[in-house]
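Raw my_file_11.pdb, PDB, C-alpha atoms, pLDDT in the B column:
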ATOM      1  CA  MET V 550      -4.640  -2.121 -31.972  1.00 48.00           C
ATOM      2  CA  ALA V 551      -0.931  -2.775 -31.733  1.00 50.00           C
ATOM      3  CA  HIS V 552       0.780  -2.812 -28.391  1.00 50.00           C
ATOM      4  CA  GLU V 553       4.464  -2.191 -28.277  1.00 50.00           C
ATOM      5  CA  SER V 554       6.254  -3.090 -25.141  1.00 49.00           C
ATOM      6  CA  THR V 555       9.602  -4.278 -24.091  1.00 49.00           C
ATOM      7  CA  THR V 556      10.371  -6.409 -21.149  1.00 48.00           C
ATOM      8  CA  SER V 557      13.775  -6.189 -19.614  1.00 49.00           C
ATOM      9  CA  ILE V 558      14.922  -8.535 -16.940  1.00 52.00           C
ATOM     10  CA  SER V 559      18.408  -7.759 -15.735  1.00 55.00           C
ATOM     11  CA  PHE V 560      20.502  -9.015 -12.934  1.00 56.00           C
ATOM     12  CA  SER V 561      23.407  -7.114 -11.490  1.00 61.00           C
ATOM     13  CA  ARG V 562      26.804  -8.659 -11.835  1.00 62.00           C
ATOM     14  CA  GLY V 563      27.024  -8.831  -8.048  1.00 60.00           C
ATOM     15  CA  ALA V 564      23.725 -10.708  -7.813  1.00 61.00           C
ATOM     16  CA  LEU V 565      24.847 -13.187 -10.461  1.00 61.00           C
ATOM     17  CA  MET V 566      28.175 -13.649  -8.753  1.00 62.00           C
ATOM     18  CA  GLY V 567      26.506 -14.122  -5.371  1.00 62.00           C
ATOM     19  CA  ALA V 568      24.106 -16.709  -6.770  1.00 64.00           C
ATOM     20  CA  ALA V 569      26.936 -18.446  -8.588  1.00 64.00           C
ATOM     21  CA  LEU V 570      29.112 -18.490  -5.491  1.00 65.00           C
ATOM     22  CA  ALA V 571      26.297 -19.926  -3.401  1.00 65.00           C
ATOM     23  CA  CYS V 572      25.748 -22.640  -6.000  1.00 62.00           C
ATOM     24  CA  ALA V 573      29.457 -23.332  -6.194  1.00 61.00           C
ATOM     25  CA  LEU V 574      29.797 -23.651  -2.447  1.00 63.00           C
ATOM     26  CA  GLY V 575      26.825 -25.967  -2.367  1.00 63.00           C
ATOM     27  CA  LEU V 576      28.315 -28.073  -5.121  1.00 60.00           C
ATOM     28  CA  ALA V 577      31.673 -28.104  -3.418  1.00 60.00           C
ATOM     29  CA  ALA V 578      30.151 -29.281  -0.170  1.00 60.00           C
ATOM     30  CA  CYS V 579      28.269 -32.068  -1.909  1.00 58.00           C
ATOM     31  CA  ASP V 580      31.138 -33.137  -4.088  1.00 54.00           C
ATOM     32  CA  GLN V 581      34.192 -33.204  -1.804  1.00 54.00           C
ATOM     33  CA  ASN V 582      35.412 -36.493  -3.252  1.00 51.00           C
ATOM     34  CA  SER V 583      35.714 -35.111  -6.754  1.00 51.00           C
ATOM     35  CA  SER V 584      39.144 -33.567  -7.062  1.00 58.00           C
ATOM     36  CA  SER V 585      39.119 -33.285 -10.849  1.00 76.00           C
ATOM     37  CA  THR V 586      37.012 -30.070 -10.809  1.00 77.00           C
ATOM     38  CA  THR V 587      38.524 -26.958  -9.271  1.00 86.00           C
ATOM     39  CA  ALA V 588      36.599 -24.468  -7.193  1.00 83.00           C
ATOM     40  CA  GLY V 589      37.003 -21.877  -9.978  1.00 84.00           C
ATOM     41  CA  GLN V 590      35.491 -24.265 -12.510  1.00 88.00           C
ATOM     42  CA  LYS V 591      32.591 -24.931 -10.189  1.00 86.00           C
ATOM     43  CA  VAL V 592      32.008 -21.192  -9.772  1.00 85.00           C
ATOM     44  CA  ASP V 593      32.180 -20.707 -13.558  1.00 86.00           C
ATOM     45  CA  ALA V 594      29.709 -23.543 -14.076  1.00 87.00           C
ATOM     46  CA  ALA V 595      27.362 -22.089 -11.462  1.00 85.00           C
ATOM     47  CA  ILE V 596      27.582 -18.654 -13.092  1.00 87.00           C
ATOM     48  CA  GLU V 597      26.781 -20.175 -16.484  1.00 88.00           C
ATOM     49  CA  LYS V 598      23.845 -22.112 -15.030  1.00 88.00           C
ATOM     50  CA  THR V 599      22.540 -18.916 -13.413  1.00 87.00           C
ATOM     51  CA  ARG V 600      22.800 -17.073 -16.735  1.00 87.00           C
ATOM     52  CA  GLU V 601      20.964 -19.888 -18.513  1.00 88.00           C
ATOM     53  CA  THR V 602      18.206 -19.847 -15.909  1.00 87.00           C
ATOM     54  CA  ALA V 603      17.899 -16.058 -16.139  1.00 84.00           C
ATOM     55  CA  SER V 604      17.714 -16.310 -19.927  1.00 85.00           C
ATOM     56  CA  GLU V 605      14.996 -18.979 -19.685  1.00 87.00           C
ATOM     57  CA  VAL V 606      12.993 -16.870 -17.215  1.00 86.00           C
ATOM     58  CA  LYS V 607      13.320 -13.847 -19.506  1.00 87.00           C
ATOM     59  CA  ALA V 608      12.121 -15.883 -22.504  1.00 87.00           C
ATOM     60  CA  GLU V 609       9.166 -17.255 -20.520  1.00 88.00           C
ATOM     61  CA  ALA V 610       8.238 -13.762 -19.349  1.00 86.00           C
ATOM     62  CA  LYS V 611       8.392 -12.445 -22.908  1.00 90.00           C
ATOM     63  CA  THR V 612       6.211 -15.332 -24.136  1.00 90.00           C
ATOM     64  CA  ALA V 613       3.681 -14.679 -21.369  1.00 89.00           C
ATOM     65  CA  LEU V 614       3.632 -10.968 -22.185  1.00 88.00           C
ATOM     66  CA  ASN V 615       3.112 -11.667 -25.892  1.00 90.00           C
ATOM     67  CA  ASP V 616       0.300 -14.098 -25.050  1.00 89.00           C
ATOM     68  CA  ALA V 617      -1.370 -11.512 -22.802  1.00 89.00           C
ATOM     69  CA  GLU V 618      -1.107  -8.851 -25.518  1.00 89.00           C
ATOM     70  CA  ARG V 619      -2.586 -11.267 -28.073  1.00 90.00           C
ATOM     71  CA  ARG V 620      -5.513 -12.028 -25.762  1.00 88.00           C
ATOM     72  CA  ILE V 621      -6.118  -8.339 -25.129  1.00 87.00           C
ATOM     73  CA  ASP V 622      -6.097  -7.649 -28.870  1.00 87.00           C
ATOM     74  CA  GLN V 623      -8.506 -10.546 -29.478  1.00 88.00           C
ATOM     75  CA  ASN V 624     -10.921  -9.505 -26.714  1.00 85.00           C
ATOM     76  CA  ALA V 625     -10.786  -5.739 -27.233  1.00 85.00           C
ATOM     77  CA  PRO V 626     -13.552  -5.698 -29.887  1.00 87.00           C
ATOM     78  CA  ARG V 627     -15.880  -7.702 -27.626  1.00 87.00           C
ATOM     79  CA  VAL V 628     -15.171  -5.475 -24.639  1.00 85.00           C
ATOM     80  CA  GLU V 629     -15.708  -2.386 -26.788  1.00 86.00           C
ATOM     81  CA  ALA V 630     -18.990  -3.757 -28.159  1.00 86.00           C
ATOM     82  CA  GLY V 631     -20.148  -4.662 -24.642  1.00 84.00           C
ATOM     83  CA  ALA V 632     -19.368  -1.169 -23.397  1.00 85.00           C
ATOM     84  CA  ARG V 633     -21.177   0.339 -26.379  1.00 87.00           C
ATOM     85  CA  ASP V 634     -24.223  -1.886 -25.728  1.00 85.00           C
ATOM     86  CA  ALA V 635     -24.215  -0.996 -22.028  1.00 83.00           C
ATOM     87  CA  GLY V 636     -24.020   2.686 -22.905  1.00 82.00           C
ATOM     88  CA  ALA V 637     -26.924   2.332 -25.328  1.00 83.00           C
ATOM     89  CA  ALA V 638     -28.992   0.520 -22.690  1.00 83.00           C
ATOM     90  CA  ILE V 639     -28.276   3.235 -20.120  1.00 84.00           C
ATOM     91  CA  LYS V 640     -29.200   5.927 -22.638  1.00 84.00           C
ATOM     92  CA  GLN V 641     -32.430   4.109 -23.517  1.00 83.00           C
ATOM     93  CA  THR V 642     -33.337   3.784 -19.832  1.00 83.00           C
ATOM     94  CA  ALA V 643     -32.657   7.484 -19.299  1.00 81.00           C
ATOM     95  CA  ASP V 644     -34.757   8.292 -22.376  1.00 89.00           C
ATOM     96  CA  ASP V 645     -37.600   6.101 -21.059  1.00 91.00           C
ATOM     97  CA  VAL V 646     -37.503   7.833 -17.674  1.00 91.00           C
ATOM     98  CA  ALA V 647     -37.623  11.229 -19.378  1.00 91.00           C
ATOM     99  CA  ILE V 648     -40.532  10.146 -21.608  1.00 93.00           C
ATOM    100  CA  THR V 649     -42.462   8.819 -18.601  1.00 94.00           C
ATOM    101  CA  ALA V 650     -41.953  12.099 -16.732  1.00 93.00           C
ATOM    102  CA  GLN V 651     -42.973  14.204 -19.742  1.00 94.00           C
ATOM    103  CA  VAL V 652     -46.105  12.140 -20.444  1.00 95.00           C
ATOM    104  CA  SER V 653     -47.112  12.261 -16.758  1.00 93.00           C
ATOM    105  CA  ALA V 654     -46.598  16.039 -16.672  1.00 93.00           C
ATOM    106  CA  ALA V 655     -48.581  16.529 -19.885  1.00 93.00           C
ATOM    107  CA  LEU V 656     -51.464  14.389 -18.580  1.00 93.00           C
ATOM    108  CA  ALA V 657     -51.466  16.363 -15.319  1.00 92.00           C
ATOM    109  CA  LYS V 658     -52.016  19.586 -17.297  1.00 92.00           C
ATOM    110  CA  ASP V 659     -55.239  18.265 -18.849  1.00 90.00           C
ATOM    111  CA  PRO V 660     -58.239  19.416 -16.764  1.00 89.00           C
ATOM    112  CA  ASP V 661     -60.143  16.107 -17.149  1.00 85.00           C
ATOM    113  CA  LEU V 662     -57.130  13.878 -16.454  1.00 85.00           C
ATOM    114  CA  SER V 663     -55.221  15.881 -13.829  1.00 76.00           C
ATOM    115  CA  ALA V 664     -57.288  14.631 -10.873  1.00 70.00           C
ATOM    116  CA  ILE V 665     -57.054  10.998 -12.017  1.00 80.00           C
ATOM    117  CA  ARG V 666     -54.185   8.715 -11.073  1.00 87.00           C
ATOM    118  CA  ILE V 667     -52.757   7.461 -14.385  1.00 91.00           C
ATOM    119  CA  ASN V 668     -49.783   5.133 -14.270  1.00 94.00           C
ATOM    120  CA  VAL V 669     -47.322   5.727 -17.134  1.00 95.00           C
ATOM    121  CA  ASP V 670     -44.734   3.068 -18.002  1.00 94.00           C
ATOM    122  CA  THR V 671     -42.217   3.393 -20.830  1.00 95.00           C
ATOM    123  CA  ASN V 672     -39.939   0.769 -22.350  1.00 93.00           C
ATOM    124  CA  GLY V 673     -37.950   1.511 -25.483  1.00 92.00           C
ATOM    125  CA  GLY V 674     -40.157   4.503 -26.219  1.00 93.00           C
ATOM    126  CA  ALA V 675     -43.343   2.400 -26.012  1.00 95.00           C
ATOM    127  CA  VAL V 676     -45.726   4.002 -23.494  1.00 96.00           C
ATOM    128  CA  VAL V 677     -48.368   2.059 -21.567  1.00 97.00           C
ATOM    129  CA  LEU V 678     -51.123   3.983 -19.779  1.00 96.00           C
ATOM    130  CA  ASN V 679     -52.966   2.275 -16.885  1.00 95.00           C
ATOM    131  CA  GLY V 680     -55.666   3.568 -14.578  1.00 93.00           C
ATOM    132  CA  PRO V 681     -59.109   5.141 -14.723  1.00 92.00           C
ATOM    133  CA  ALA V 682     -60.454   7.635 -17.265  1.00 92.00           C
ATOM    134  CA  PRO V 683     -63.453   9.878 -16.555  1.00 91.00           C
ATOM    135  CA  SER V 684     -64.819   9.559 -20.125  1.00 91.00           C
ATOM    136  CA  GLU V 685     -64.074   8.008 -23.496  1.00 93.00           C
ATOM    137  CA  THR V 686     -63.106  11.459 -24.792  1.00 93.00           C
ATOM    138  CA  ALA V 687     -60.588  11.934 -21.960  1.00 93.00           C
ATOM    139  CA  ARG V 688     -59.291   8.396 -22.537  1.00 94.00           C
ATOM    140  CA  MET V 689     -58.632   9.118 -26.233  1.00 95.00           C
ATOM    141  CA  ARG V 690     -57.110  12.506 -25.390  1.00 95.00           C
ATOM    142  CA  ALA V 691     -54.637  10.706 -23.073  1.00 95.00           C
ATOM    143  CA  THR V 692     -53.431   8.690 -26.075  1.00 96.00           C
ATOM    144  CA  GLU V 693     -52.949  11.848 -28.155  1.00 96.00           C
ATOM    145  CA  ILE V 694     -51.160  13.634 -25.305  1.00 95.00           C
ATOM    146  CA  ALA V 695     -48.740  10.701 -24.882  1.00 96.00           C
ATOM    147  CA  LYS V 696     -48.097  10.474 -28.660  1.00 96.00           C
ATOM    148  CA  GLY V 697     -47.183  14.171 -28.651  1.00 95.00           C
ATOM    149  CA  VAL V 698     -44.153  13.631 -26.413  1.00 94.00           C
ATOM    150  CA  THR V 699     -40.802  13.454 -28.208  1.00 93.00           C
ATOM    151  CA  GLY V 700     -39.368   9.937 -28.241  1.00 93.00           C
ATOM    152  CA  VAL V 701     -42.678   8.095 -27.920  1.00 94.00           C
ATOM    153  CA  VAL V 702     -42.845   5.334 -30.552  1.00 95.00           C
ATOM    154  CA  SER V 703     -46.207   3.843 -29.542  1.00 96.00           C
ATOM    155  CA  VAL V 704     -48.961   4.171 -26.945  1.00 97.00           C
ATOM    156  CA  ASP V 705     -50.872   1.254 -25.413  1.00 97.00           C
ATOM    157  CA  ASN V 706     -53.849   2.893 -23.735  1.00 96.00           C
ATOM    158  CA  ARG V 707     -55.215   0.587 -21.042  1.00 96.00           C
ATOM    159  CA  LEU V 708     -57.232   3.286 -19.265  1.00 95.00           C
ATOM    160  CA  ILE V 709     -60.579   2.025 -18.004  1.00 94.00           C
ATOM    161  CA  LEU V 710     -63.676   4.209 -17.876  1.00 90.00           C
ATOM    162  CA  LYS V 711     -64.731   5.072 -14.350  1.00 80.00           C
ATOM    163  CA  ALA V 712     -68.131   3.748 -13.408  1.00 71.00           C
ATOM    164  CA  GLY V 713     -70.322   6.470 -12.332  1.00 59.00           C
TER     165      GLY V 713
END
The structure in this file should be written as structure tokens.
Amino acid sequence: MAHESTTSISFSRGALMGAALACALGLAACDQNSSSTTAGQKVDAAIEKTRETASEVKAEAKTALNDAERRIDQNAPRVEAGARDAGAAIKQTADDVAITAQVSAALAKDPDLSAIRINVDTNGGAVVLNGPAPSETARMRATEIAKGVTGVVSVDNRLILKAG
């Protein structure tokens, strides 16, 4: 993934001149004993120093931008994979919730199992049935009912026969 960007740092001529003049005045105040350098030369030197500083800042900004783009390019595959994994996990959870609801509804339709409280848990399509069963036949039918639901990969029937 290539990122193309340009960074432009510009200073108005007035801003450069103002900064240069301020530097020149500061230099002039500090260096009153030096008569070999004229005020114009000091202003020119300050302007040049300001330009050099601006150029250095621009180069540093460009380097930082290039580094940030490089890091984004390096980390993009990991971020994409993480998002894909999170999406898959959310989908699997939604599928498990749907399977649990469908198995519970199917068990409730069975005349022998409808009055019994059967707990249905699903993880990755694997269904676990917990609770009482009125008979061995009803217990086995619960397994077949759960297996008949789309998306179920296995059934762990932990139903216990009711004493009675």
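If you look at atom CA of V:Arg688 and atom CA of V:Val701, they are 17.5 Å away from each other.
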Check your understanding: So which residues get picked by the PyMOL selection byres ((chain V and resi 673) around 9) here, written as a PyMOL selection string?
Key -> chain V and resi 641-642+644-645+671-672+674-676+700-702
May I have the centre and edge lengths, in Å to one decimal, of an axis-aligned box around the listed atoms of stretch 703-710 of chain V with 4 Å added to every side, as JSON?
{"center_x": -54.9, "center_y": 2.4, "center_z": -23.7, "size_x": 25.5, "size_y": 11.6, "size_z": 19.7}
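Note that atom CA of V:Ile665 and atom CA of V:Ser684 are 11.3 Å apart.
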Check your understanding: For the file shown, what are the residues hit by the PyMOL selection byres ((chain V and resi 705) around 9), laid out as a PyMOL selection string?
Key -> chain V and resi 675-679+692+703-704+706-707
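With all atoms listed in the file as the atoms that count, the residue of V:Thr602, V:Ser585, V:Asn624, V:Asn668 with the shortest distance to V:Ala654 is V:Asn668.
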Exercise for review: Enumerate, as number ranges by chain, the protein, DNA and RNA residues whose atoms approach (-59.1, 5.3, -20.2) to within 6 Å, taking into account all atoms listed in the file and the coordinate frame of the file.
Suggested key: V: 681-682, 688, 708-710
Okay, now the selection with C-alpha atoms, as a PDB file, keeping the file's coordinate frame?
ATOM      1  CA  PRO V 681     -59.109   5.141 -14.723  1.00 92.00           C
ATOM      2  CA  ALA V 682     -60.454   7.635 -17.265  1.00 92.00           C
ATOM      3  CA  ARG V 688     -59.291   8.396 -22.537  1.00 94.00           C
ATOM      4  CA  LEU V 708     -57.232   3.286 -19.265  1.00 95.00           C
ATOM      5  CA  ILE V 709     -60.579   2.025 -18.004  1.00 94.00           C
ATOM      6  CA  LEU V 710     -63.676   4.209 -17.876  1.00 90.00           C
TER       7      LEU V 710
END
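Taking atom CA of V:Arg600 and atom CA of V:Asp616 as endpoints, the distance between them is 24.2 Å.
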Practice item. Write out as a list of chain:residue names each polymer residue whose atoms come within 10 Å of V:Asp659, counting only C-alpha atoms; drop sequence neighbours fewer than 5 positions from it. Key: V:Ala654, V:Ala664, V:Ala687, V:Arg690, V:Ala691, V:Ile694
Check your understanding: Got a sec to resolve the PyMOL selection byres ((chain V and resi 652) around 8) on this structure and send the residues as a ChimeraX atom specification?
Key -> /V:648-651,653-656,669,694-695,698
Please return stretch 646-668 of chain V, rebuilt to N, CA, C and O atoms, as a PDB file, keeping the file's coordinate frame.
ATOM      1  N   VAL V 646     -37.145   7.100 -18.896  1.00 91.00           N
ATOM      2  CA  VAL V 646     -37.503   7.833 -17.674  1.00 91.00           C
ATOM      3  C   VAL V 646     -37.956   9.242 -18.038  1.00 91.00           C
ATOM      4  O   VAL V 646     -38.959   9.745 -17.509  1.00 91.00           O
ATOM      5  N   ALA V 647     -37.251   9.874 -18.960  1.00 91.00           N
ATOM      6  CA  ALA V 647     -37.623  11.229 -19.378  1.00 91.00           C
ATOM      7  C   ALA V 647     -38.994  11.226 -20.066  1.00 91.00           C
ATOM      8  O   ALA V 647     -39.818  12.119 -19.818  1.00 91.00           O
ATOM      9  N   ILE V 648     -39.231  10.236 -20.926  1.00 93.00           N
ATOM     10  CA  ILE V 648     -40.532  10.146 -21.608  1.00 93.00           C
ATOM     11  C   ILE V 648     -41.649   9.961 -20.591  1.00 93.00           C
ATOM     12  O   ILE V 648     -42.687  10.629 -20.655  1.00 93.00           O
ATOM     13  N   THR V 649     -41.446   9.059 -19.637  1.00 94.00           N
ATOM     14  CA  THR V 649     -42.462   8.819 -18.601  1.00 94.00           C
ATOM     15  C   THR V 649     -42.778  10.105 -17.846  1.00 94.00           C
ATOM     16  O   THR V 649     -43.949  10.437 -17.621  1.00 94.00           O
ATOM     17  N   ALA V 650     -41.746  10.846 -17.469  1.00 93.00           N
ATOM     18  CA  ALA V 650     -41.953  12.099 -16.732  1.00 93.00           C
ATOM     19  C   ALA V 650     -42.690  13.126 -17.585  1.00 93.00           C
ATOM     20  O   ALA V 650     -43.604  13.810 -17.098  1.00 93.00           O
ATOM     21  N   GLN V 651     -42.325  13.222 -18.862  1.00 94.00           N
ATOM     22  CA  GLN V 651     -42.973  14.204 -19.742  1.00 94.00           C
ATOM     23  C   GLN V 651     -44.436  13.846 -20.007  1.00 94.00           C
ATOM     24  O   GLN V 651     -45.302  14.727 -20.030  1.00 94.00           O
ATOM     25  N   VAL V 652     -44.720  12.569 -20.216  1.00 95.00           N
ATOM     26  CA  VAL V 652     -46.105  12.140 -20.444  1.00 95.00           C
ATOM     27  C   VAL V 652     -46.935  12.402 -19.183  1.00 95.00           C
ATOM     28  O   VAL V 652     -48.056  12.935 -19.257  1.00 95.00           O
ATOM     29  N   SER V 653     -46.390  12.036 -18.023  1.00 93.00           N
ATOM     30  CA  SER V 653     -47.112  12.261 -16.758  1.00 93.00           C
ATOM     31  C   SER V 653     -47.402  13.743 -16.551  1.00 93.00           C
ATOM     32  O   SER V 653     -48.510  14.121 -16.144  1.00 93.00           O
ATOM     33  N   ALA V 654     -46.414  14.585 -16.840  1.00 93.00           N
ATOM     34  CA  ALA V 654     -46.598  16.039 -16.672  1.00 93.00           C
ATOM     35  C   ALA V 654     -47.643  16.566 -17.648  1.00 93.00           C
ATOM     36  O   ALA V 654     -48.483  17.404 -17.280  1.00 93.00           O
ATOM     37  N   ALA V 655     -47.608  16.073 -18.882  1.00 93.00           N
ATOM     38  CA  ALA V 655     -48.581  16.529 -19.885  1.00 93.00           C
ATOM     39  C   ALA V 655     -49.995  16.084 -19.511  1.00 93.00           C
ATOM     40  O   ALA V 655     -50.954  16.850 -19.670  1.00 93.00           O
ATOM     41  N   LEU V 656     -50.138  14.875 -19.004  1.00 93.00           N
ATOM     42  CA  LEU V 656     -51.464  14.389 -18.580  1.00 93.00           C
ATOM     43  C   LEU V 656     -51.975  15.200 -17.391  1.00 93.00           C
ATOM     44  O   LEU V 656     -53.181  15.486 -17.286  1.00 93.00           O
ATOM     45  N   ALA V 657     -51.070  15.592 -16.501  1.00 92.00           N
ATOM     46  CA  ALA V 657     -51.466  16.363 -15.319  1.00 92.00           C
ATOM     47  C   ALA V 657     -51.968  17.750 -15.700  1.00 92.00           C
ATOM     48  O   ALA V 657     -52.754  18.351 -14.958  1.00 92.00           O
ATOM     49  N   LYS V 658     -51.561  18.261 -16.843  1.00 92.00           N
ATOM     50  CA  LYS V 658     -52.016  19.586 -17.297  1.00 92.00           C
ATOM     51  C   LYS V 658     -53.434  19.552 -17.874  1.00 92.00           C
ATOM     52  O   LYS V 658     -54.080  20.588 -17.975  1.00 92.00           O
ATOM     53  N   ASP V 659     -53.897  18.374 -18.269  1.00 90.00           N
ATOM     54  CA  ASP V 659     -55.239  18.265 -18.849  1.00 90.00           C
ATOM     55  C   ASP V 659     -56.269  18.350 -17.729  1.00 90.00           C
ATOM     56  O   ASP V 659     -56.193  17.609 -16.747  1.00 90.00           O
ATOM     57  N   PRO V 660     -57.269  19.227 -17.858  1.00 89.00           N
ATOM     58  CA  PRO V 660     -58.239  19.416 -16.764  1.00 89.00           C
ATOM     59  C   PRO V 660     -59.053  18.161 -16.431  1.00 89.00           C
ATOM     60  O   PRO V 660     -59.370  17.933 -15.257  1.00 89.00           O
ATOM     61  N   ASP V 661     -59.350  17.312 -17.423  1.00 85.00           N
ATOM     62  CA  ASP V 661     -60.143  16.107 -17.149  1.00 85.00           C
ATOM     63  C   ASP V 661     -59.288  14.967 -16.585  1.00 85.00           C
ATOM     64  O   ASP V 661     -59.808  14.079 -15.915  1.00 85.00           O
ATOM     65  N   LEU V 662     -58.004  14.985 -16.869  1.00 85.00           N
ATOM     66  CA  LEU V 662     -57.130  13.878 -16.454  1.00 85.00           C
ATOM     67  C   LEU V 662     -56.279  14.213 -15.234  1.00 85.00           C
ATOM     68  O   LEU V 662     -55.726  13.315 -14.606  1.00 85.00           O
ATOM     69  N   SER V 663     -56.148  15.478 -14.891  1.00 76.00           N
ATOM     70  CA  SER V 663     -55.221  15.881 -13.829  1.00 76.00           C
ATOM     71  C   SER V 663     -55.584  15.312 -12.464  1.00 76.00           C
ATOM     72  O   SER V 663     -54.704  15.020 -11.656  1.00 76.00           O
ATOM     73  N   ALA V 664     -56.876  15.134 -12.184  1.00 70.00           N
ATOM     74  CA  ALA V 664     -57.288  14.631 -10.873  1.00 70.00           C
ATOM     75  C   ALA V 664     -57.272  13.105 -10.818  1.00 70.00           C
ATOM     76  O   ALA V 664     -57.470  12.520  -9.756  1.00 70.00           O
ATOM     77  N   ILE V 665     -57.022  12.459 -11.921  1.00 80.00           N
ATOM     78  CA  ILE V 665     -57.054  10.998 -12.017  1.00 80.00           C
ATOM     79  C   ILE V 665     -55.627  10.456 -11.907  1.00 80.00           C
ATOM     80  O   ILE V 665     -54.702  11.008 -12.473  1.00 80.00           O
ATOM     81  N   ARG V 666     -55.503   9.350 -11.228  1.00 87.00           N
ATOM     82  CA  ARG V 666     -54.185   8.715 -11.073  1.00 87.00           C
ATOM     83  C   ARG V 666     -53.952   7.796 -12.272  1.00 87.00           C
ATOM     84  O   ARG V 666     -54.513   6.710 -12.364  1.00 87.00           O
ATOM     85  N   ILE V 667     -53.089   8.262 -13.207  1.00 91.00           N
ATOM     86  CA  ILE V 667     -52.757   7.461 -14.385  1.00 91.00           C
ATOM     87  C   ILE V 667     -51.308   7.007 -14.252  1.00 91.00           C
ATOM     88  O   ILE V 667     -50.411   7.826 -14.059  1.00 91.00           O
ATOM     89  N   ASN V 668     -51.126   5.711 -14.351  1.00 94.00           N
ATOM     90  CA  ASN V 668     -49.783   5.133 -14.270  1.00 94.00           C
ATOM     91  C   ASN V 668     -49.192   5.098 -15.680  1.00 94.00           C
ATOM     92  O   ASN V 668     -49.791   4.556 -16.601  1.00 94.00           O
TER      93      ASN V 668
END
